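Asks: For reference, this is work-v7.cif, and it has mmCIF, C-alpha atoms.
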```
data_start
loop_
_atom_site.label_atom_id
_atom_site.label_comp_id
_atom_site.auth_asym_id
_atom_site.auth_seq_id
_atom_site.Cartn_x
_atom_site.Cartn_y
_atom_site.Cartn_z
CA MET Q 10 195.88 130.00 126.52
CA ASN Q 11 194.99 133.44 125.19
CA ARG Q 12 191.23 133.21 125.76
CA ARG Q 13 189.54 134.70 128.79
CA ILE Q 14 188.31 132.02 131.18
CA ALA Q 15 184.91 131.75 132.88
CA LEU Q 16 183.88 129.27 135.56
CA ILE Q 17 180.09 128.87 135.69
CA THR Q 18 178.22 126.73 138.23
CA GLY Q 19 174.72 125.33 137.82
CA ALA Q 20 175.41 125.07 134.10
CA LEU Q 21 172.55 122.76 133.12
CA GLY Q 22 169.68 124.91 134.39
CA GLY Q 23 167.89 127.41 132.17
CA ILE Q 24 169.96 130.43 133.20
CA GLY Q 25 173.12 128.33 133.48
CA THR Q 26 172.76 127.06 129.93
CA ALA Q 27 172.30 130.62 128.65
CA LEU Q 28 175.33 131.80 130.65
CA CYS Q 29 177.54 129.14 129.08
CA GLU Q 30 176.25 129.91 125.59
CA GLU Q 31 176.74 133.67 125.87
CA PHE Q 32 180.20 133.50 127.44
CA GLN Q 33 181.41 130.94 124.92
CA ARG Q 34 179.92 133.00 122.06
CA ALA Q 35 181.87 135.98 123.39
CA GLY Q 36 185.10 134.00 123.08
CA TYR Q 37 185.55 132.78 126.65
CA TYR Q 38 186.98 129.39 127.53
CA VAL Q 39 184.07 128.10 129.62
CA ILE Q 40 184.49 125.68 132.52
CA ALA Q 41 181.00 124.53 133.49
CA THR Q 42 179.87 122.62 136.56
CA ASP Q 43 176.63 120.97 137.61
CA ARG Q 44 175.68 118.24 140.04
CA GLN Q 45 174.25 116.19 137.16
CA GLU Q 46 175.89 114.97 133.99
CA GLY Q 47 174.76 116.72 130.84
CA ASP Q 48 175.64 118.73 127.77
CA CYS Q 49 176.06 122.48 127.54
CA ALA Q 50 178.12 124.98 125.62
CA CYS Q 51 181.45 124.63 127.38
CA ASP Q 52 185.08 123.72 126.86
CA ARG Q 53 185.30 121.64 130.02
CA PHE Q 54 182.52 120.14 132.11
CA LEU Q 55 182.95 119.09 135.75
CA LYS Q 56 180.33 117.14 137.65
CA LEU Q 57 180.17 118.94 140.98
CA ASP Q 58 177.65 119.24 143.78
CA VAL Q 59 178.74 122.57 145.24
CA ARG Q 60 177.61 121.42 148.69
CA ASP Q 61 180.61 119.08 148.71
CA LEU Q 62 182.88 122.12 148.96
CA TYR Q 63 181.41 122.76 152.40
CA ARG Q 64 182.06 119.23 153.57
CA GLY Q 65 185.83 119.11 153.41
CA GLU Q 66 189.14 120.26 151.97
CA GLU Q 67 189.46 117.12 149.87
CA ALA Q 68 186.57 118.17 147.62
CA ARG Q 69 187.96 121.69 147.31
CA HIS Q 70 191.40 120.37 146.36
CA ALA Q 71 189.85 118.05 143.78
CA VAL Q 72 188.13 120.97 142.05
CA ARG Q 73 191.33 123.00 142.05
CA ARG Q 74 193.30 120.12 140.58
CA ALA Q 75 190.70 119.64 137.86
CA VAL Q 76 191.11 123.18 136.53
CA GLU Q 77 194.64 124.15 137.53
CA THR Q 78 196.05 123.47 134.04
CA ASP Q 79 193.44 125.74 132.46
CA LEU Q 80 194.17 128.53 134.93
CA ALA Q 81 197.95 128.16 135.05
CA GLU Q 82 198.86 131.02 132.72
CA GLY Q 83 196.19 133.67 132.70
CA GLY Q 84 194.18 133.15 135.86
CA LEU Q 85 190.38 133.15 136.08
CA HIS Q 86 188.63 136.11 134.50
CA VAL Q 87 185.13 135.53 135.86
CA LEU Q 88 183.46 133.23 138.38
CA VAL Q 89 179.68 133.04 137.96
CA ASN Q 90 178.01 131.54 141.04
CA ASN Q 91 174.75 130.37 139.52
CA ALA Q 92 174.10 126.99 141.19
CA ALA Q 93 171.13 127.18 143.55
CA THR Q 94 168.46 125.15 145.26
CA GLN Q 95 164.91 126.24 146.02
CA ILE Q 96 163.18 124.44 148.88
CA LEU Q 97 159.61 125.63 149.34
CA ASN Q 98 158.17 125.32 152.83
CA ARG Q 99 156.08 127.42 155.17
CA THR Q 100 157.50 128.66 158.46
CA ASP Q 101 155.66 125.99 160.48
CA ASP Q 102 157.26 123.14 158.54
CA ILE Q 103 160.83 124.28 157.82
CA ARG Q 104 163.41 121.77 159.02
CA VAL Q 105 167.05 122.32 159.96
CA ALA Q 106 167.93 120.13 156.96
CA ASP Q 107 166.15 122.64 154.70
CA TRP Q 108 168.37 125.42 156.02
CA ASP Q 109 171.50 123.30 155.69
CA GLU Q 110 170.91 122.45 152.03
CA THR Q 111 169.78 125.95 151.11
CA LEU Q 112 172.58 127.88 152.79
CA GLN Q 113 175.32 125.45 151.78
CA THR Q 114 174.26 125.69 148.13
CA ASN Q 115 173.11 129.30 147.77
CA LEU Q 116 175.46 131.14 150.11
CA ILE Q 117 178.41 129.18 151.45
CA ALA Q 118 179.41 127.55 148.14
CA PRO Q 119 179.62 130.92 146.33
CA PHE Q 120 181.84 132.21 149.12
CA LEU Q 121 184.07 129.12 149.14
CA LEU Q 122 184.51 129.18 145.35
CA SER Q 123 185.36 132.88 145.47
CA GLN Q 124 187.86 132.24 148.24
CA MET Q 125 189.34 129.16 146.52
CA PHE Q 126 190.04 131.01 143.28
CA LEU Q 127 190.71 134.45 144.70
CA ALA Q 128 194.37 134.47 143.69
CA GLU Q 129 193.54 133.40 140.12
CA ILE Q 130 190.74 135.97 139.78
CA GLU Q 131 193.01 138.71 141.11
CA GLN Q 132 195.78 137.61 138.74
CA ALA Q 133 193.40 138.05 135.80
CA ARG Q 134 192.00 141.34 137.17
CA GLY Q 135 188.70 139.52 137.00
CA SER Q 136 185.40 139.53 138.85
CA VAL Q 137 182.84 137.44 140.71
CA ILE Q 138 179.19 137.50 139.64
CA ASN Q 139 176.58 136.03 141.97
CA ILE Q 140 173.18 135.10 140.54
CA ALA Q 141 170.79 136.12 143.32
CA SER Q 142 167.03 136.62 142.89
CA ILE Q 143 164.17 139.10 143.10
CA HIS Q 144 163.32 137.12 146.24
CA SER Q 145 166.20 138.88 147.97
CA VAL Q 146 164.06 142.03 148.11
CA ALA Q 147 160.45 140.96 147.43
CA THR Q 148 159.15 137.49 148.16
CA LYS Q 149 155.95 135.52 148.75
CA PRO Q 150 154.67 132.81 151.13
CA GLY Q 151 156.59 129.56 151.21
CA PHE Q 152 159.95 131.00 150.15
CA VAL Q 153 161.46 131.65 153.60
CA CYS Q 154 164.66 129.62 153.13
CA TYR Q 155 165.23 130.60 149.51
CA ALA Q 156 164.52 134.31 149.99
CA THR Q 157 166.71 134.49 153.07
CA SER Q 158 169.62 132.79 151.30
CA LYS Q 159 169.39 135.13 148.31
CA ALA Q 160 169.20 138.20 150.55
CA ALA Q 161 172.32 136.90 152.30
CA LEU Q 162 174.01 136.38 148.92
CA VAL Q 163 173.38 140.03 148.04
CA GLY Q 164 174.82 141.00 151.42
CA LEU Q 165 177.85 138.80 150.77
CA THR Q 166 178.31 140.50 147.40
CA ARG Q 167 178.41 143.96 148.92
CA SER Q 168 180.61 142.92 151.83
CA MET Q 169 183.15 141.16 149.64
CA ALA Q 170 183.26 144.09 147.22
CA VAL Q 171 184.19 146.37 150.10
CA ASP Q 172 186.59 143.88 151.65
CA LEU Q 173 188.45 143.10 148.41
CA GLY Q 174 188.48 146.68 147.18
CA PRO Q 175 190.49 147.08 143.95
CA ARG Q 176 191.68 143.49 143.93
CA VAL Q 177 188.52 141.80 142.59
CA ARG Q 178 185.16 143.23 141.58
CA VAL Q 179 182.10 141.45 143.03
CA ASN Q 180 178.57 142.00 141.73
CA ALA Q 181 175.17 140.30 141.77
CA ILE Q 182 172.15 139.97 139.52
CA ASN Q 183 168.55 139.73 140.75
CA PRO Q 184 166.44 138.01 138.08
CA ALA Q 185 162.67 137.95 138.47
CA ALA Q 186 160.49 135.33 136.75
CA THR Q 187 162.53 133.91 133.88
CA ALA Q 188 161.40 131.63 131.06
CA THR Q 189 163.53 128.66 132.02
CA PRO Q 190 162.44 125.11 131.14
CA MET Q 191 161.67 124.53 134.83
CA LEU Q 192 159.36 127.55 135.11
CA LEU Q 193 157.62 126.81 131.82
CA ALA Q 194 157.10 123.17 132.82
CA GLY Q 195 155.33 124.39 135.93
CA PHE Q 196 152.88 126.31 133.72
CA GLU Q 197 152.29 123.50 131.22
CA GLY Q 198 148.62 123.58 130.26
CA LYS Q 199 148.20 126.84 132.18
CA SER Q 200 148.70 129.45 129.49
CA LYS Q 201 146.23 131.83 131.16
CA GLU Q 202 148.14 131.73 134.45
CA LEU Q 203 151.46 132.28 132.64
CA ASP Q 204 149.97 135.28 130.85
CA GLU Q 205 148.74 136.65 134.18
CA LEU Q 206 152.25 136.29 135.62
CA ALA Q 207 153.68 138.19 132.66
CA LYS Q 208 151.10 140.97 132.99
CA LYS Q 209 152.06 141.56 136.64
CA HIS Q 210 155.37 142.96 135.35
CA PRO Q 211 155.28 146.57 134.12
CA LEU Q 212 156.92 145.35 130.88
CA GLU Q 213 154.10 142.75 130.64
CA ARG Q 214 156.42 139.83 130.05
CA ILE Q 215 158.89 137.67 131.95
CA ALA Q 216 162.64 137.58 131.36
CA GLN Q 217 164.44 135.37 128.89
CA PRO Q 218 167.49 133.46 130.17
CA TRP Q 219 169.77 135.15 127.63
CA GLU Q 220 168.88 138.56 129.10
CA VAL Q 221 170.29 137.48 132.46
CA ALA Q 222 173.34 135.96 130.74
CA LYS Q 223 174.09 139.09 128.72
CA THR Q 224 173.93 141.17 131.89
CA ALA Q 225 176.51 138.86 133.46
CA LEU Q 226 178.64 139.16 130.33
CA PHE Q 227 178.53 142.95 130.63
CA LEU Q 228 179.48 142.86 134.32
CA ALA Q 229 182.49 140.70 133.45
CA SER Q 230 183.65 143.07 130.72
CA PRO Q 231 186.05 146.03 130.88
CA ASP Q 232 183.03 148.26 130.22
CA ALA Q 233 181.92 147.51 133.80
CA ALA Q 234 185.33 148.27 135.33
CA PHE Q 235 183.88 150.81 137.79
CA ILE Q 236 180.98 148.61 138.91
CA SER Q 237 181.52 146.67 142.14
CA GLY Q 238 179.19 145.83 144.99
CA ALA Q 239 176.19 146.38 142.72
CA CYS Q 240 173.05 144.28 142.50
CA ILE Q 241 171.38 144.67 139.13
CA HIS Q 242 167.66 143.89 138.92
CA ILE Q 243 166.52 142.05 135.80
CA ASP Q 244 162.87 142.17 136.82
CA GLY Q 245 160.82 144.00 134.21
CA GLY Q 246 160.04 146.65 136.82
CA ILE Q 247 158.08 144.34 139.13
CA GLY Q 248 160.32 145.14 142.12
CA GLY Q 249 158.88 148.65 142.24
CA ARG Q 250 155.24 147.84 141.60
CA LEU Q 251 152.37 147.68 144.10
CA HIS Q 252 149.43 145.37 143.44
CA ASP Q 253 146.55 147.13 145.13
CA PRO Q 254 142.94 145.99 144.70
CA VAL Q 255 141.26 147.70 141.76
#
```
Go ahead and render the structure in this file as structure tokens.

Replies:
Amino acid sequence: MNRRIALITGALGGIGTALCEEFQRAGYYVIATDRQEGDCACDRFLKLDVRDLYRGEEARHAVRRAVETDLAEGGLHVLVNNAATQILNRTDDIRVADWDETLQTNLIAPFLLSQMFLAEIEQARGSVINIASIHSVATKPGFVCYATSKAALVGLTRSMAVDLGPRVRVNAINPAATATPMLLAGFEGKSKELDELAKKHPLERIAQPWEVAKTALFLASPDAAFISGACIHIDGGIGGRLHDPV
């Protein structure tokens, strides 16, 4: 196989779908995973709940066996850890189960996948890209578990970049509000509220999924060869804005 290979998790979500489309359009052989069955722009689809990787070696071996033929010659050029869960709960009501699901999905699975395919990524002189969130640096009530997990994912990104040094580049992306089907469904019949959300961003709009995907594509490219341990904000400037009373 002469094509560069990308492994993308959470492939059926709004950002995941855009990631698969952009990487395949750029000529990558795309291996996509999601915990549900579905269609996306990929060359191979694997049904995978990334939490299963935490639960035992058998699941990890099964994933490796499923892709070992694809990776046999050239290695893995980019791993995009995009799968995530968002459990909303206030501090008073957070359960241990909420932490388990959140951290297993948003933090431990990205680490385990990076560790599992480290040799193949190094062989390809490739990189790991973690899809974090604006919530890693600026959050709001009810997002305690999610925001904590994404802040930890950014910390993991920086730590692994230092630990792996020249072997494998590791970077993260912090998207803010993005026009995914899930977000837009939440604003169905609420065009005024969606417009207000957009206006809170200095660019006065929210992100499009392809803008996140193209940033990932850049980070995976040779043009980003000196970028490692970075966390790029795709946030329309909202991360630096105060909202004081008028």

Asks: Which protein, DNA or RNA residues are at most 8 Å from (178.2, 140.3, 146.2) in the file's coordinates when you count only C-alpha atoms, listed as a list in words?

Replies: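 Applying the cut-off with only C-alpha atoms, one gets Val137, Ile138, Asn139, Leu162, Val163, Gly164, Leu165, Thr166, Arg167, Ser168, Met169, Ala170, Val179, Asn180, Ala181, Gly238, Ala239 and Cys240 of chain Q.
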
Asks: Assuming the chain letters and numbering stay as they are in my file, what does the PyMOL selection byres ((chain Q and resi 34-50) around 9) actually select? List them as a PyMOL selection string.

Replies: chain Q and resi 10+12-22+25-33+51-59+76+79+92+226

Asks: Quick check on the file I pasted: which residues fall under the PyMOL selection byres ((chain Q and resi 96) around 9)? Write them as number ranges by chain.

Replies: Q: 94-95, 97-98, 107-108, 110-111, 151-155

Asks: With only C-alpha atoms counted and 10 Å as the cut-off, give the residues of range 18-133 of chain Q in contact with range 227-231 of chain Q, each with its shortest interatomic distance in Å and the pair that gives it, as JSON lines.

Replies:
```
{"residue": "Q:Phe32", "atom": "CA", "partner": "Q:Ala229", "partner_atom": "CA", "distance": 9.7}
{"residue": "Q:His86", "atom": "CA", "partner": "Q:Ala229", "partner_atom": "CA", "distance": 7.7}
{"residue": "Q:Val87", "atom": "CA", "partner": "Q:Ala229", "partner_atom": "CA", "distance": 6.3}
{"residue": "Q:Leu88", "atom": "CA", "partner": "Q:Ala229", "partner_atom": "CA", "distance": 9.0}
{"residue": "Q:Val89", "atom": "CA", "partner": "Q:Ala229", "partner_atom": "CA", "distance": 9.3}
```

Asks: Evaluated on this file, the PyMOL selection byres ((chain Q and resi 160) around 8) picks out some residues - which ones are they, written as an NGL selection string?

Replies: :Q and (141 or 144-146 or 156-159 or 161-164)

Asks: Ile243 in chain Q: which residues within 10 Å, counting all atoms listed in the file, same-chain residues fewer than 6 positions away excluded, as a list in words?

Replies: Ser142, Ile143, Ile182, Asn183, Pro184, Ala185, Ala186, Thr187, Ile215, Ala216, Gln217, Glu220, Val221 and Thr224 of chain Q

Asks: One decimal, Å: what's the distance from CA of Ala75 in chain Q over to CA of Phe126 in chain Q, could you say?

Replies: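 Straight-line distance from CA of Ala75 in chain Q to CA of Phe126 in chain Q works out to 12.6 Å.
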
Asks: For CA of Val171 in chain Q and CA of Ile236 in chain Q, quote the distance in Å rounded to one decimal.

Replies: 11.9 Å

Asks: What gap, in Å, lies between CA of Ile130 in chain Q and CA of Arg178 in chain Q?

Replies: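 These two atoms are separated by 9.3 Å.
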
Asks: Identify, on the basis of all atoms listed in the file, every residue whose closest approach to range 188-193 of chain Q does not exceed 6 Å; exclude the query and any residue fewer than 2 positions from it along the same chain; express the result as a list in words.

Replies: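 Within the cut-off, the hits are Gly23, Gly195, Phe196 and Gln217 of chain Q.
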
Asks: Using only C-alpha atoms, which of the listed residues (Q:Pro150, Q:Arg74, Q:Lys199, Q:Leu173) sits closest to Asp101 in chain Q?

Replies: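 Of Q:Pro150, Q:Arg74, Q:Lys199, Q:Leu173, the one nearest Asp101 in chain Q, counting only C-alpha atoms, is Q:Pro150.
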
Asks: Could you write range 153-205 of chain Q of the block just shown to a file containing C-alpha atoms, as a tab-separated table (two decimals), in the first residue's frame?

Replies:
```tsv
chain	number	residue	atom	x	y	z
Q	153	VAL	CA	-17.40	19.34	35.27
Q	154	CYS	CA	-16.66	15.81	33.99
Q	155	TYR	CA	-16.32	16.78	30.34
Q	156	ALA	CA	-14.18	19.87	30.93
Q	157	THR	CA	-11.90	18.00	33.31
Q	158	SER	CA	-11.39	15.15	30.85
Q	159	LYS	CA	-10.55	17.52	28.00
Q	160	ALA	CA	-8.12	19.50	30.18
Q	161	ALA	CA	-6.48	16.18	31.04
Q	162	LEU	CA	-6.34	15.26	27.34
Q	163	VAL	CA	-4.46	18.48	26.62
Q	164	GLY	CA	-2.10	17.64	29.47
Q	165	LEU	CA	-1.63	14.15	28.07
Q	166	THR	CA	-0.83	15.66	24.67
Q	167	ARG	CA	1.93	17.85	26.06
Q	168	SER	CA	3.34	15.13	28.30
Q	169	MET	CA	3.47	12.54	25.52
Q	170	ALA	CA	5.06	15.03	23.13
Q	171	VAL	CA	7.86	15.56	25.62
Q	172	ASP	CA	8.14	11.88	26.51
Q	173	LEU	CA	8.25	10.65	22.90
Q	174	GLY	CA	10.48	13.45	21.65
Q	175	PRO	CA	11.50	12.97	18.01
Q	176	ARG	CA	9.86	9.57	17.72
Q	177	VAL	CA	6.22	10.67	17.29
Q	178	ARG	CA	4.65	14.12	17.20
Q	179	VAL	CA	1.59	14.60	19.43
Q	180	ASN	CA	-0.77	17.58	19.12
Q	181	ALA	CA	-4.29	18.58	20.09
Q	182	ILE	CA	-7.09	20.74	18.73
Q	183	ASN	CA	-9.52	22.74	20.89
Q	184	PRO	CA	-12.72	23.35	18.90
Q	185	ALA	CA	-15.31	25.75	20.28
Q	186	ALA	CA	-18.99	25.59	19.24
Q	187	THR	CA	-19.12	23.71	15.95
Q	188	ALA	CA	-22.05	23.29	13.57
Q	189	THR	CA	-22.40	19.54	13.97
Q	190	PRO	CA	-25.77	17.83	13.46
Q	191	MET	CA	-25.96	17.28	17.23
Q	192	LEU	CA	-25.44	20.96	18.07
Q	193	LEU	CA	-27.84	22.16	15.37
Q	194	ALA	CA	-30.49	19.68	16.53
Q	195	GLY	CA	-30.26	21.20	19.99
Q	196	PHE	CA	-31.10	24.61	18.48
Q	197	GLU	CA	-33.95	23.39	16.27
Q	198	GLY	CA	-36.65	26.05	16.32
Q	199	LYS	CA	-34.32	28.37	18.24
Q	200	SER	CA	-32.73	30.40	15.48
Q	201	LYS	CA	-32.48	33.48	17.72
Q	202	GLU	CA	-30.55	31.57	20.38
Q	203	LEU	CA	-28.22	30.08	17.74
Q	204	ASP	CA	-27.56	33.56	16.37
Q	205	GLU	CA	-26.80	34.80	19.89
```
